[in-house]
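Student: Would you mind keeping the following structure in view while I ask a few things?
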Amino acid sequence: MELLKQRIVEDGIVKPGNVLKVDSFLNHQIDVELLNAIAAEFERIYGDRPISKVFTIEASGIAVACVVAQRFGVPLVFAKKAQSINLDGESFTTRIESYTHKRVYDVIVSKKYLSASDHILIIDDFLANGCSLDGLIDIAETAGATIEGIGIVIEKSFQLGGTQIRKRGYPLASLAIIEAMDAETGEIVFA
């Protein structure tokens, strides 16, 4: 998606440790028009699938997933990273390690909101090592839901997450795939 790539080049900041900072338009301050274009692209890719829910993890994937869910006319369900007093009843849980935050989370989804009758589209902002995505897939499979597709805004292909997910046979579409980044020069190379 050329519009997204252009925005990454113009406003993305490459930081040491293979971190791409896009908080000026994607995951802190949000360019809603760009999100609409991203959602339209995911609708173009997965619009022929019987999507009943969009599924993501908190926090930065929620904005993208919300606009995607609106395009599909379905609810958005997001996995929470902390137990809350207003989460009642049984829930699906799994553990994920955040690449960005360098910590392990127990993620939770109420069984009221995800079931074997669901056909889900998983959406997230980034794919690096794939830990968050593995957790979402684990929850979806435990619920018996059908994973109709996985949509990623930015994938770092020099990390193994995308390769591993594709080897498992999941339909994965990433809108911008970065094959190399240099923190010293700020250079970003797209696949």
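Here's how to read the names in the structure tokens: chain A, B, ... by the order shown, residue numbers from 1 in each chain, ligand numbers from 1 in the order shown.
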Just want the 8 Å neighbourhood of stretch 60-63 of chain A, counted on only C-alpha atoms, with same-chain residues fewer than 6 positions away dropped. Output as an MDAnalysis selection string.

Tutor: chainID A and resid 27:28 78 123:125

Student: Could you dump the residues just selected with C-alpha atoms as an mmCIF file, in the first residue's frame?

Tutor:
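After the write, out_27.cif holds the following:
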```
data_model
loop_
_atom_site.group_PDB
_atom_site.id
_atom_site.type_symbol
_atom_site.label_atom_id
_atom_site.label_comp_id
_atom_site.auth_asym_id
_atom_site.auth_seq_id
_atom_site.Cartn_x
_atom_site.Cartn_y
_atom_site.Cartn_z
ATOM 1 C CA ASN A 27 -0.438 4.220 17.444
ATOM 2 C CA HIS A 28 -0.397 7.349 19.617
ATOM 3 C CA PHE A 78 -10.009 -7.301 21.706
ATOM 4 C CA ILE A 123 -5.977 -7.323 12.765
ATOM 5 C CA ASP A 124 -2.860 -5.810 14.338
ATOM 6 C CA ASP A 125 -0.620 -2.832 13.749
#
```

Student: Could you name the residues that touch stretch 1-11 of chain A at 9 Å or less, counting only C-alpha atoms, but leaving out those on the same chain fewer than 3 positions away, as a ChimeraX atom specification?

Tutor: /A:20-25,34,37-38,41,153-154,175-177,186-188,190

Student: So that I have them on file, write out the residues from the current selection with N, CA and C atoms, as a short mmCIF file (atom, residue, chain, number, x, y, z; two decimals), in the first residue's frame.

Tutor:
```
data_model
loop_
_atom_site.label_atom_id
_atom_site.label_comp_id
_atom_site.auth_asym_id
_atom_site.auth_seq_id
_atom_site.Cartn_x
_atom_site.Cartn_y
_atom_site.Cartn_z
N LEU A 20 10.54 0.53 15.05
CA LEU A 20 10.07 1.56 14.14
C LEU A 20 8.98 2.35 14.87
N LYS A 21 9.26 3.61 15.08
CA LYS A 21 8.33 4.47 15.81
C LYS A 21 7.41 5.16 14.80
N VAL A 22 6.12 4.85 14.88
CA VAL A 22 5.12 5.44 13.99
C VAL A 22 4.00 6.06 14.81
N ASP A 23 4.36 6.56 15.97
CA ASP A 23 3.35 7.08 16.88
C ASP A 23 2.76 8.41 16.45
N SER A 24 3.33 9.05 15.45
CA SER A 24 2.78 10.32 14.98
C SER A 24 1.57 10.13 14.06
N PHE A 25 1.32 8.86 13.61
CA PHE A 25 0.18 8.64 12.73
C PHE A 25 -0.55 7.32 12.93
N LEU A 34 -5.90 7.95 7.09
CA LEU A 34 -5.01 6.84 6.75
C LEU A 34 -5.63 5.52 7.23
N ALA A 37 -8.17 4.34 4.82
CA ALA A 37 -7.54 3.74 3.63
C ALA A 37 -7.03 2.33 3.94
N ILE A 38 -6.46 2.16 5.12
CA ILE A 38 -5.98 0.83 5.55
C ILE A 38 -7.15 -0.14 5.65
N GLU A 41 -8.36 -1.25 2.34
CA GLU A 41 -7.47 -2.26 1.73
C GLU A 41 -7.72 -3.64 2.33
N VAL A 153 -0.73 -4.19 9.57
CA VAL A 153 -0.42 -2.92 8.93
C VAL A 153 1.05 -2.91 8.52
N ILE A 154 1.97 -3.17 9.46
CA ILE A 154 3.40 -3.13 9.17
C ILE A 154 4.05 -4.43 9.65
N LEU A 175 0.32 -4.91 4.86
CA LEU A 175 0.20 -3.80 3.92
C LEU A 175 1.53 -3.13 3.61
N ALA A 176 2.45 -3.14 4.56
CA ALA A 176 3.81 -2.63 4.33
C ALA A 176 4.77 -3.63 4.95
N ILE A 177 5.64 -4.20 4.13
CA ILE A 177 6.60 -5.19 4.63
C ILE A 177 7.99 -4.56 4.56
N GLY A 186 18.52 6.01 9.50
CA GLY A 186 17.07 6.17 9.39
C GLY A 186 16.48 5.52 8.16
N GLU A 187 17.31 4.81 7.39
CA GLU A 187 16.87 4.19 6.16
C GLU A 187 15.91 3.03 6.44
N ILE A 188 14.85 2.96 5.62
CA ILE A 188 13.86 1.88 5.69
C ILE A 188 13.77 1.28 4.29
N PHE A 190 11.79 -1.46 1.95
CA PHE A 190 10.58 -2.27 1.84
C PHE A 190 10.84 -3.49 0.96
#
```

Student: Taking the chain letters and numbering used in this document, name the residues of stretch 18-113 of chain A that DSSP puts in helix (DSSP H, G or I), as a ChimeraX atom specification.

Tutor: /A:32-46,61-72

Student: Using the chain letters and numbers from this document, which residues of stretch 32-101 of chain A does DSSP assign to strand (DSSP E), as a PyMOL selection string?

Tutor: chain A and resi 53-57+76-79+91-98

Student: Would you mind listing what lies within 12 Å of A:Gln70 as a ChimeraX atom specification, with only C-alpha atoms counted and same-chain residues fewer than 6 positions away left out?

Tutor: /A:35-36,39-40,42-43,51-54,63-64,76

Student: Could you tell me how far atom CA of A:Ala59 sits from atom CA of A:Lys81, in Å to one decimal place?

Tutor: 8.6 Å
